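**Student:** Okay, here's the structure, questions in a sec.
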Amino acid sequence: MQDINPTLLVLVTAALAMALGRLAYHFTLRRTDAITASGEELRSTPDYYGWYVLVWMFVPVLVLSLAAAALELADVVRVPGRWIAVAWVVLPLALMLPALGLVRARLNARVLVERVIYAILLAAALVSIFTTVGILLSVLFESIRFFGHPAVTVTNFLFGTDWSPGGAFLASAGRGAEQGTGASFGAVPLFAGTFMITGIAMLVAVPVGVLSAIYLSEYSAGAVRKLGKPLIEVLAGIPTVVYGFFAAITVAPLIVRAAAALGLDASYQNALAPGLIMGVMIIPFMSSLCDDVMSAVPQTLRRASYAMGATSRETIMQIVLPAAFPGIVSAFLLAVSVAIGETMIVVMAAGLTANLTANPLETMTTVTVHIVDNLTGDQAYDNPQTLSAFGLGLTLLIMTLLLNVASAIVIRRYRMRYAAD
Amino acid sequence: MATRRQQSARDDPRRDLAGAAWAHEREAELTRLRRRRRRDQRFRAYAVGAVFLASAFLLFFLSDLVMKGWPALQQAEILTEVRFEPDILDDIGVAFPEPVRDLVSRAAKRSIAQEAEIAEIRVPVQLDAAAKAPRTAVQPLSITQADMPPWERDFEPTTIPRKQLLTLVGERGLDQIRTRLIESPATPEGATSASGSVAMWLVGSPKLQRFMRGQGRLPESLHETAALLERAGQVRMGFDHAAFGPDGKTLRRWVLADADVDQYLKGYDYMRPGNYAKPDRAPISRETAERIERLHAAGRIELRFNDEFFLRGDSKIPEAAGMRAAIIGSVYVVGLVFLVVLPLGVLTSIYLEEYAPDNLLTQTIEVNINNLAAIPSILFGVLGLAAFINFFGMPRSSVMVGTAVLVLMTLPVVIIASRAALRAVPDSIRYAGYAMGASRWQVVQHHVLPLSISGIMTGSIIGIAQAMGETAPLLIVGLVSFVPEGPTTPLDPTTVMPAQIFSWWSMSLRAFQERAALAILVLLLVLFTLNGLAVLIRARSERKW
């Protein structure tokens, strides 16, 4: 038999199943009309009986499909798609008449239907838990393999300054004996690169973000605010690959030329370019969060300050900002978390070589760059270099989660309590 | 009318200080006031400056991208005579006159060669009067050991049935038989077999064309037959005499020029190495440059609108590279993501807002969602690799795995936006529903949802726009591989617009950089439209409760 295009199969089956469902719903409504006409009172509204019948028709097939999928995953049995498609039409058809038979006036259809709805809603909500668990498990599982490898130790990973995984490839290819393993997975240069670029980004984002938030929330009148806020939002909507392109193609050469004019030597993959551009990317994030926080400070405090004769600046610096400070700190922590997790800008503008230095004009690399580098191209899962990506991923995950937790704690513990609370 | 100075002097409680001390005190006071005012103005200037800085960057950024991408809208083409004659199949260069031969793009040469040749199949045809219709004239073909190449020993003689042969012979082939039957049924050209049939080379069907060009898949059995026929030498690529006549034809056309020519015409300094298509090769010689100038002056080389960019998929040849496959892939993937994430997100937020009891499970779910929103996108790619590709066995680079990863990334955004929309519906509406005897689901279905739908749509569209621009997780699940054709099923490999941008950026040839910038402009346009749509929906459905 010829291969059937799976999209076509799915569409046709879905169309047939839906047509069948509508037909069954229609028949059910006819039956409920008959029941009402004969004088008996239905215990639920008629549409619920329609859904009741549909539940009995389709839920069994759904359960069977999921079971088949699970079995196929566990490599127990492989069910051809064709059979499943046929089942979705044949089984509901077979169950239609018995289900219709169940429709009686005494039946409170709403109970079952709403229970099924609840189950569906709960299942949807549980998907998010499964996602997190999935991320944790997948990263954890491979990281354990990474840290279990003889060439890798946790202390060296966290505190070692020599990141040269190259020898590992030779070792696993069997030539390690002559050359010595030579592979070292000391990730400190990667962390340093990440923090350097993040630091530069924060140097740009915090002043510009907080000041623009101050302007938009304290100073600007309606028209300017209406224009200014969307303008900054546009910066937030630009994809990071576009920022990375700009950083690599335009900003980096500019920096090299500027450095040369000052007599300094800068690499084309310097850390300043991705740092600056990442800062710009984070500005709208900082700005909108700080704006929210500052707007939450009650007007009464500001008015009291103005009544005492303070200027706007004095009010902002001495009243509003201190009140909003926990929120600003929390926003800062979230922004840092975004910056360290950012990938495309650094992949395109920063380098690949691990370099532990304090000079932002030199090339350096980050954690995310190496995650990408080791998971694209050839992947040998027994090679510690490939597995290092998972170790780095786990570190990144832990750092981000810690920053988010810290951010939430700061907001909760130090939130200013106003008289109105 | 007292001046301000006089008035404040009158009100000043220190006025009972003795003369000079008091005046001095006043002066100091006024100086402080002035300083405070100046500080205030400076501060305001800084604040304005911050907003101004952000806008200035945006302006600089957009104009730089437009300047870099704009040239890609044009592509150099050459107006030349193209000889469609049998000898060009051996060396495609001779199809073009000497002066332009090395200026024509390799891609153009390839497509001319493809146009000039056609797959042909040799079948036995019964040419005597008994065969009325061409279809019945075709006889089954038997293949013996003698037909097979020497390395295929132990070959079982087979006979290909007429039905299969007929699917491989196209309409044009049947026309050829018809012509032959009319002309001279009794004069054989090839070998005559005992039954009076003649072996004729006929033009193959579209299926055979696709097979010989390696495009698309034939059904299993037909594929085997075609492969067998090819090995047995019964199928070949030959010059398309049917289209170009017995001696061939010469046509005048605009063909794509090589990237070197294109970049030269766009004004890049051709003497500087690295500026041109091949950074490691010497740039075009002065002689070539002069030749290009002459042809350009004569109107034979022009920069014309680059429609290949939107009609073709990716290619290793820069002048023929387009983003059609990326656009189709993006639409397909993001469309599927939308279809999955909208119900999933809305159902979850309905559960959390309307149904969830205040227990540990609910708190876990909420904490989960907030954490998921904060996880770096690249870790979703790692999840995709480890769970979807390695564990579930989804095909790498496919639409399916890209969709799955993006769904998980967009879900928290949609959930958070939907919850906000649901929360914005006042409780009084819910209570009114309950008071009328409605159940919880009825209230949700008939009252809460319809009122919050615009907020939900706004949030979803913004989430989708984010998904459209994502690259990092898709990099890890392989959507950046070279994919020249758009996907047809969810299992096909695909690429998306941001991945195409990244892939072109990583090629060092300047022509690719140009295209990357233009692709960025296209992507930004799409995102701008989507976000504008979201803003429009939000503005139109602004409700006051």
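Following the order of the structure tokens, chains are lettered A, B, ..., residues in each are numbered from 1, and ligands are numbered from 1.
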Determine, using only C-alpha atoms, which residues of segment 284-401 of chain B have any atom at most 6 Å from an atom of segment 65-78 of chain B, and tabulate each with its shortest atom pair and distance in Å to one decimal place, rows ordered by chain and then rising number, as CSV.
**Tutor:**
residue,atom,partner,partner_atom,distance
B:Arg300,CA,B:Ile78,CA,5.7
B:Ile301,CA,B:Ile78,CA,4.5
B:Glu302,CA,B:Ala76,CA,5.5
B:Leu303,CA,B:Ala76,CA,4.2
B:Arg304,CA,B:Gln74,CA,5.3
B:Phe305,CA,B:Gln74,CA,4.6
B:Asn306,CA,B:Gln74,CA,4.7
**Student:** Within 7 Å of chain A, which residues of chain B show up? Give each one with its shortest atom-to-atom distance in Å (one decimal) and the two atoms involved, counting only C-alpha atoms, rows by chain then rising residue number, as CSV.
**Tutor:**
residue,atom,partner,partner_atom,distance
B:Asp40,CA,A:Arg313,CA,5.1
B:Phe43,CA,A:Arg313,CA,6.5
B:Ala47,CA,A:Leu211,CA,4.8
B:Val48,CA,A:Tyr215,CA,6.3
B:Ala50,CA,A:Val208,CA,5.0
B:Val51,CA,A:Ser212,CA,5.1
B:Ala54,CA,A:Ile232,CA,7.0
B:Ser55,CA,A:Leu231,CA,6.9
B:Pro219,CA,A:Gln2,CA,6.0
B:Leu344,CA,A:Ala124,CA,5.8
B:Leu347,CA,A:Leu121,CA,5.4
B:Thr348,CA,A:Ala125,CA,4.5
B:Tyr351,CA,A:Leu121,CA,5.4
B:Ile365,CA,A:Ile129,CA,6.3
B:Asn368,CA,A:Ile129,CA,6.3
B:Ile369,CA,A:Ser128,CA,6.4
B:Leu372,CA,A:Thr132,CA,6.8
B:Ile375,CA,A:Thr400,CA,6.8
B:Pro376,CA,A:Gly341,CA,4.8
B:Ile378,CA,A:Thr343,CA,7.0
B:Leu379,CA,A:Gly393,CA,6.8
B:Leu383,CA,A:Ile135,CA,5.1
B:Ala386,CA,A:Ser138,CA,5.6
B:Ala387,CA,A:Ser138,CA,6.4
B:Phe392,CA,A:Leu73,CA,6.5
B:Gly469,CA,A:Pro239,CA,4.9
B:Glu470,CA,A:Pro239,CA,6.7
B:Thr471,CA,A:Val241,CA,6.8
B:Ala472,CA,A:Met344,CA,6.1
B:Ile476,CA,A:Thr376,CA,6.1
B:Thr489,CA,A:Thr7,CA,6.0
B:Pro498,CA,A:Val241,CA,6.6
B:Phe502,CA,A:Val241,CA,6.8
B:Ile520,CA,A:Val242,CA,6.5
**Student:** For N, CA, C and O atoms, I'd like the residues from the last selection saved as a CSV table (one decimal), in the first residue's frame.
**Tutor:**
chain,number,residue,atom,x,y,z
B,40,ASP,N,18.2,70.1,40.1
B,40,ASP,CA,16.9,69.5,39.7
B,40,ASP,C,16.8,69.5,38.2
B,40,ASP,O,16.4,68.6,37.5
B,43,PHE,N,19.2,67.0,36.7
B,43,PHE,CA,18.6,65.6,36.9
B,43,PHE,C,17.6,65.3,35.8
B,43,PHE,O,17.5,64.3,35.2
B,47,ALA,N,17.4,62.5,32.9
B,47,ALA,CA,16.3,61.5,32.7
B,47,ALA,C,15.8,61.6,31.3
B,47,ALA,O,15.6,60.6,30.6
B,48,VAL,N,15.7,62.8,30.8
B,48,VAL,CA,15.3,63.0,29.4
B,48,VAL,C,16.3,62.3,28.5
B,48,VAL,O,16.0,61.6,27.5
B,50,ALA,N,18.2,59.9,29.0
B,50,ALA,CA,18.2,58.4,29.0
B,50,ALA,C,17.2,58.0,27.9
B,50,ALA,O,17.5,57.1,27.1
B,51,VAL,N,16.0,58.6,28.0
B,51,VAL,CA,15.0,58.2,27.0
B,51,VAL,C,15.5,58.5,25.6
B,51,VAL,O,15.3,57.7,24.6
B,54,ALA,N,18.0,56.0,24.3
B,54,ALA,CA,17.4,54.7,23.9
B,54,ALA,C,16.8,54.9,22.5
B,54,ALA,O,17.0,54.1,21.6
B,55,SER,N,16.1,56.1,22.3
B,55,SER,CA,15.5,56.3,21.0
B,55,SER,C,16.6,56.5,19.9
B,55,SER,O,16.5,56.0,18.8
B,219,PRO,N,6.4,6.2,-4.9
B,219,PRO,CA,6.0,5.0,-4.1
B,219,PRO,C,7.0,3.9,-4.2
B,219,PRO,O,7.6,3.8,-5.3
B,344,LEU,N,-3.9,25.0,25.4
B,344,LEU,CA,-3.2,24.6,26.6
B,344,LEU,C,-3.0,25.7,27.6
B,344,LEU,O,-3.3,25.5,28.8
B,347,LEU,N,-6.6,26.8,29.0
B,347,LEU,CA,-7.1,25.8,29.9
B,347,LEU,C,-6.4,25.9,31.3
B,347,LEU,O,-7.0,25.8,32.3
B,348,THR,N,-5.1,26.0,31.2
B,348,THR,CA,-4.3,26.0,32.4
B,348,THR,C,-4.7,27.2,33.2
B,348,THR,O,-4.9,27.2,34.5
B,351,TYR,N,-8.0,26.9,34.9
B,351,TYR,CA,-7.9,26.0,36.1
B,351,TYR,C,-7.3,26.8,37.2
B,351,TYR,O,-7.9,26.8,38.3
B,365,ILE,N,2.3,24.5,41.1
B,365,ILE,CA,2.1,24.8,39.7
B,365,ILE,C,2.4,26.3,39.4
B,365,ILE,O,3.1,26.6,38.5
B,368,ASN,N,6.1,26.9,39.6
B,368,ASN,CA,6.6,26.3,38.3
B,368,ASN,C,6.5,27.2,37.1
B,368,ASN,O,7.5,27.4,36.4
B,369,ILE,N,5.3,27.8,37.0
B,369,ILE,CA,5.1,28.6,35.8
B,369,ILE,C,6.0,29.9,35.9
B,369,ILE,O,6.6,30.3,34.9
B,372,LEU,N,9.5,28.8,35.0
B,372,LEU,CA,9.6,28.5,33.6
B,372,LEU,C,9.7,29.8,32.8
B,372,LEU,O,10.5,29.8,31.8
B,375,ILE,N,13.4,30.9,32.9
B,375,ILE,CA,14.5,30.0,32.5
B,375,ILE,C,15.1,30.5,31.2
B,375,ILE,O,14.3,30.8,30.3
B,376,PRO,N,16.4,30.5,31.0
B,376,PRO,CA,16.9,31.0,29.7
B,376,PRO,C,16.5,30.1,28.6
B,376,PRO,O,16.3,28.9,28.8
B,378,ILE,N,17.8,28.9,26.1
B,378,ILE,CA,18.7,27.8,25.6
B,378,ILE,C,18.4,26.5,26.3
B,378,ILE,O,18.6,25.4,25.7
B,379,LEU,N,18.0,26.6,27.6
B,379,LEU,CA,17.8,25.3,28.3
B,379,LEU,C,16.6,24.6,27.7
B,379,LEU,O,16.5,23.4,27.9
B,383,LEU,N,16.5,20.7,26.7
B,383,LEU,CA,15.4,19.8,27.0
B,383,LEU,C,14.9,19.1,25.7
B,383,LEU,O,14.7,17.9,25.6
B,386,ALA,N,17.6,16.5,24.7
B,386,ALA,CA,17.7,15.3,25.6
B,386,ALA,C,16.4,14.5,25.6
B,386,ALA,O,16.4,13.3,25.6
B,387,ALA,N,15.3,15.2,25.7
B,387,ALA,CA,14.0,14.5,25.9
B,387,ALA,C,13.3,14.2,24.6
B,387,ALA,O,13.0,13.1,24.3
B,392,PHE,N,12.3,10.6,23.1
B,392,PHE,CA,11.1,10.3,22.3
B,392,PHE,C,11.4,10.0,20.9
B,392,PHE,O,10.5,9.5,20.2
B,469,GLY,N,10.8,35.0,16.9
B,469,GLY,CA,12.2,35.5,16.8
B,469,GLY,C,13.2,34.7,17.5
B,469,GLY,O,14.4,35.0,17.6
B,470,GLU,N,12.8,33.6,18.1
B,470,GLU,CA,13.7,32.7,18.9
B,470,GLU,C,14.7,32.0,18.1
B,470,GLU,O,14.3,31.3,17.1
B,471,THR,N,15.9,31.9,18.5
B,471,THR,CA,16.9,31.1,17.7
B,471,THR,C,17.6,30.1,18.6
B,471,THR,O,17.8,29.0,18.1
B,472,ALA,N,18.0,30.5,19.8
B,472,ALA,CA,18.9,29.7,20.5
B,472,ALA,C,18.4,28.2,20.7
B,472,ALA,O,19.2,27.3,20.5
B,476,ILE,N,19.9,24.4,19.0
B,476,ILE,CA,20.3,23.1,19.6
B,476,ILE,C,19.5,21.9,19.0
B,476,ILE,O,20.1,20.8,19.0
B,489,THR,N,5.4,18.0,5.7
B,489,THR,CA,4.7,17.3,6.8
B,489,THR,C,5.5,17.7,8.1
B,489,THR,O,6.6,18.2,8.0
B,498,PRO,N,14.7,33.3,11.9
B,498,PRO,CA,15.9,33.7,12.6
B,498,PRO,C,17.0,32.7,12.4
B,498,PRO,O,18.2,33.1,12.5
B,502,PHE,N,20.9,33.6,11.1
B,502,PHE,CA,22.1,33.2,11.8
B,502,PHE,C,23.0,32.4,10.8
B,502,PHE,O,24.2,32.6,10.8
B,520,ILE,N,16.6,40.1,8.1
B,520,ILE,CA,16.3,40.7,9.3
B,520,ILE,C,15.2,41.7,9.1
B,520,ILE,O,14.3,41.8,9.9
**Student:** Which residue, A:Pro326, A:Pro46, A:Gly309, A:Gly193, has the smallest gap to Val369 of chain A when you use only C-alpha atoms?
**Tutor:**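 Closest to Val369 of chain A of all the choices is A:Gly193.
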**Student:** Report, in Å with one decimal, the straight-line distance from atom CA of Phe309 of chain B to atom CA of Gly402 of chain B.
**Tutor:**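 Separating atom CA of Phe309 of chain B from atom CA of Gly402 of chain B is a distance of 23.9 Å.
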**Student:** With a distance cut-off of 7 Å and only C-alpha atoms, select the neighbouring residues of segment 143-153 of chain A, excluding the residue or stretch itself and same-chain residues fewer than 4 positions from it, and output the selection as a list in words.
**Tutor:**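 My list of contacting residues is Val139, Phe157, Ala183, Ser184, Phe185, Pro384, Leu387, Ser388, Phe390, Gly391 and Leu394 of chain A.
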**Student:** With N, CA, C and O atoms retained, export the selected residues as a CSV table (one decimal), in the first residue's frame.
**Tutor:**
chain,number,residue,atom,x,y,z
A,139,VAL,N,18.7,17.7,32.0
A,139,VAL,CA,20.0,18.3,32.3
A,139,VAL,C,20.7,17.6,33.4
A,139,VAL,O,22.0,17.3,33.3
A,157,PHE,N,35.9,21.9,38.1
A,157,PHE,CA,34.9,22.5,37.2
A,157,PHE,C,34.6,23.9,37.8
A,157,PHE,O,34.6,24.9,37.1
A,183,ALA,N,43.0,17.0,29.2
A,183,ALA,CA,41.8,17.7,29.1
A,183,ALA,C,41.5,18.3,30.5
A,183,ALA,O,41.6,17.6,31.5
A,184,SER,N,41.1,19.5,30.5
A,184,SER,CA,40.7,20.1,31.8
A,184,SER,C,39.4,20.9,31.6
A,184,SER,O,39.2,21.6,30.6
A,185,PHE,N,38.5,20.7,32.5
A,185,PHE,CA,37.3,21.4,32.4
A,185,PHE,C,37.1,22.4,33.5
A,185,PHE,O,36.1,22.4,34.2
A,384,PRO,N,33.4,13.6,26.9
A,384,PRO,CA,33.1,14.5,27.9
A,384,PRO,C,32.9,16.0,27.4
A,384,PRO,O,32.2,16.8,28.1
A,387,LEU,N,29.3,16.3,26.8
A,387,LEU,CA,28.6,16.3,28.1
A,387,LEU,C,28.8,17.6,28.9
A,387,LEU,O,28.0,17.9,29.7
A,388,SER,N,30.0,18.2,28.6
A,388,SER,CA,30.2,19.4,29.4
A,388,SER,C,29.1,20.5,29.1
A,388,SER,O,28.9,21.3,30.0
A,390,PHE,N,26.0,19.9,29.1
A,390,PHE,CA,25.0,19.7,30.1
A,390,PHE,C,25.4,20.2,31.5
A,390,PHE,O,24.6,20.7,32.3
A,391,GLY,N,26.7,19.9,31.8
A,391,GLY,CA,27.2,20.4,33.1
A,391,GLY,C,27.1,22.0,33.2
A,391,GLY,O,26.6,22.5,34.2
A,394,LEU,N,23.5,22.9,33.6
A,394,LEU,CA,23.0,22.7,35.0
A,394,LEU,C,23.4,23.9,35.8
A,394,LEU,O,22.7,24.5,36.6
**Student:** I need the residues of segment 199-320 of chain B that end up classed as strand (DSSP E or B) by DSSP on the backbone, written out as a PDB file with N, CA and C atoms, in the first residue's frame.
**Tutor:**
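Output below, filename part11.pdb:
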ATOM      1  N   ALA B 199      12.446  -0.652 -30.080  1.00  0.00           N
ATOM      2  CA  ALA B 199      12.821   0.023 -28.818  1.00  0.00           C
ATOM      3  C   ALA B 199      12.940   1.517 -29.079  1.00  0.00           C
ATOM      4  N   MET B 200      12.119   2.288 -28.423  1.00  0.00           N
ATOM      5  CA  MET B 200      12.116   3.741 -28.621  1.00  0.00           C
ATOM      6  C   MET B 200      12.498   4.457 -27.343  1.00  0.00           C
ATOM      7  N   TRP B 201      13.292   5.502 -27.521  1.00  0.00           N
ATOM      8  CA  TRP B 201      13.559   6.385 -26.376  1.00  0.00           C
ATOM      9  C   TRP B 201      12.441   7.417 -26.304  1.00  0.00           C
ATOM     10  N   LEU B 202      11.700   7.392 -25.214  1.00  0.00           N
ATOM     11  CA  LEU B 202      10.570   8.286 -25.067  1.00  0.00           C
ATOM     12  C   LEU B 202      10.788   9.226 -23.884  1.00  0.00           C
ATOM     13  N   VAL B 203      10.155  10.409 -23.986  1.00  0.00           N
ATOM     14  CA  VAL B 203      10.259  11.358 -22.879  1.00  0.00           C
ATOM     15  C   VAL B 203       9.526  10.799 -21.664  1.00  0.00           C
ATOM     16  N   GLY B 204      10.157  10.875 -20.525  1.00  0.00           N
ATOM     17  CA  GLY B 204       9.582  10.295 -19.316  1.00  0.00           C
ATOM     18  C   GLY B 204       8.489  11.160 -18.711  1.00  0.00           C
ATOM     19  N   VAL B 235      17.132   3.997 -18.721  1.00  0.00           N
ATOM     20  CA  VAL B 235      16.679   5.357 -18.430  1.00  0.00           C
ATOM     21  C   VAL B 235      17.890   6.266 -18.519  1.00  0.00           C
ATOM     22  N   ARG B 236      17.745   7.407 -19.156  1.00  0.00           N
ATOM     23  CA  ARG B 236      18.885   8.318 -19.280  1.00  0.00           C
ATOM     24  C   ARG B 236      18.401   9.749 -19.274  1.00  0.00           C
ATOM     25  N   MET B 237      19.346  10.680 -19.088  1.00  0.00           N
ATOM     26  CA  MET B 237      19.029  12.095 -19.260  1.00  0.00           C
ATOM     27  C   MET B 237      19.512  12.504 -20.642  1.00  0.00           C
ATOM     28  N   GLY B 238      18.635  13.047 -21.436  1.00  0.00           N
ATOM     29  CA  GLY B 238      19.041  13.441 -22.772  1.00  0.00           C
ATOM     30  C   GLY B 238      18.572  14.850 -23.084  1.00  0.00           C
ATOM     31  N   PHE B 239      19.019  15.353 -24.198  1.00  0.00           N
ATOM     32  CA  PHE B 239      18.633  16.697 -24.597  1.00  0.00           C
ATOM     33  C   PHE B 239      17.147  16.729 -24.942  1.00  0.00           C
ATOM     34  N   LYS B 249      17.744  25.473 -30.040  1.00  0.00           N
ATOM     35  CA  LYS B 249      17.296  26.854 -30.265  1.00  0.00           C
ATOM     36  C   LYS B 249      18.201  27.787 -29.488  1.00  0.00           C
ATOM     37  N   THR B 250      18.249  29.031 -29.918  1.00  0.00           N
ATOM     38  CA  THR B 250      18.950  30.034 -29.116  1.00  0.00           C
ATOM     39  C   THR B 250      17.930  31.046 -28.637  1.00  0.00           C
ATOM     40  N   LEU B 251      17.902  31.256 -27.315  1.00  0.00           N
ATOM     41  CA  LEU B 251      16.938  32.193 -26.750  1.00  0.00           C
ATOM     42  C   LEU B 251      17.683  33.330 -26.064  1.00  0.00           C
ATOM     43  N   ARG B 252      17.024  34.473 -25.996  1.00  0.00           N
ATOM     44  CA  ARG B 252      17.611  35.632 -25.322  1.00  0.00           C
ATOM     45  C   ARG B 252      16.967  35.791 -23.969  1.00  0.00           C
ATOM     46  N   ARG B 253      17.776  35.861 -22.915  1.00  0.00           N
ATOM     47  CA  ARG B 253      17.197  35.892 -21.580  1.00  0.00           C
ATOM     48  C   ARG B 253      18.010  36.711 -20.608  1.00  0.00           C
ATOM     49  N   TRP B 254      17.351  37.067 -19.512  1.00  0.00           N
ATOM     50  CA  TRP B 254      18.060  37.616 -18.358  1.00  0.00           C
ATOM     51  C   TRP B 254      18.444  36.465 -17.454  1.00  0.00           C
ATOM     52  N   VAL B 255      19.733  36.301 -17.202  1.00  0.00           N
ATOM     53  CA  VAL B 255      20.156  35.247 -16.294  1.00  0.00           C
ATOM     54  C   VAL B 255      20.896  35.882 -15.131  1.00  0.00           C
ATOM     55  N   LEU B 256      20.905  35.133 -14.037  1.00  0.00           N
ATOM     56  CA  LEU B 256      21.538  35.610 -12.814  1.00  0.00           C
ATOM     57  C   LEU B 256      23.043  35.747 -13.019  1.00  0.00           C
ATOM     58  N   ALA B 257      23.600  36.856 -12.560  1.00  0.00           N
ATOM     59  CA  ALA B 257      25.042  37.030 -12.650  1.00  0.00           C
ATOM     60  C   ALA B 257      25.707  36.481 -11.401  1.00  0.00           C
ATOM     61  N   ILE B 301      24.145  44.296 -18.701  1.00  0.00           N
ATOM     62  CA  ILE B 301      24.152  43.865 -17.293  1.00  0.00           C
ATOM     63  C   ILE B 301      23.426  44.939 -16.494  1.00  0.00           C
ATOM     64  N   GLU B 302      22.493  44.509 -15.668  1.00  0.00           N
ATOM     65  CA  GLU B 302      21.711  45.465 -14.886  1.00  0.00           C
ATOM     66  C   GLU B 302      21.489  44.932 -13.490  1.00  0.00           C
ATOM     67  N   LEU B 303      21.223  45.871 -12.569  1.00  0.00           N
ATOM     68  CA  LEU B 303      20.764  45.451 -11.255  1.00  0.00           C
ATOM     69  C   LEU B 303      19.249  45.451 -11.293  1.00  0.00           C
ATOM     70  N   ARG B 304      18.671  44.267 -11.169  1.00  0.00           N
ATOM     71  CA  ARG B 304      17.216  44.193 -11.227  1.00  0.00           C
ATOM     72  C   ARG B 304      16.674  43.703  -9.899  1.00  0.00           C
ATOM     73  N   PHE B 305      15.341  43.786  -9.753  1.00  0.00           N
ATOM     74  CA  PHE B 305      14.742  43.403  -8.486  1.00  0.00           C
ATOM     75  C   PHE B 305      15.019  41.942  -8.161  1.00  0.00           C
TER      76      PHE B 305
END
**Student:** As a VMD selection string, please: every residue in segment 262-431 of chain B that DSSP puts in alpha helix (DSSP H).
**Tutor:** chain B and resid 262 to 265 286 to 297 308 to 311 324 to 350 360 to 374 377 to 383 399 to 424 427 to 431
**Student:** Kindly indicate which residue among A:Asp162, A:Asp47, A:Glu362, A:Glu233 lies nearest to Tyr25 of chain A, using only C-alpha atoms for the distances.
**Tutor:** A:Asp47
**Student:** I want to know what sits within 6 Å of segment 457-462 of chain B, based on only C-alpha atoms, with residues of the same chain fewer than 5 positions away left out; could you give that as a list in words?
**Tutor:**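 Residues near the query, excluding close chain neighbours: Val414, Ala417 and Ala534 of chain B.
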**Student:** List as an MDAnalysis selection string the protein and nucleic acid residues near segment 422-434 of chain B, meaning an atom at most 9 Å away when only C-alpha atoms are counted, but skip any in the same chain fewer than 2 places from it.
**Tutor:** chainID B and resid 349:350 353:354 417:420 436:440 442:444 447:449 451:453 455:456 545
**Student:** Which value, in Å to one decimal, gives the distance between atom CA of Val79 of chain A and atom CA of Ser65 of chain A?
**Tutor:**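 Taking atom CA of Val79 of chain A as the start and atom CA of Ser65 of chain A as the end point, the length is 9.5 Å.
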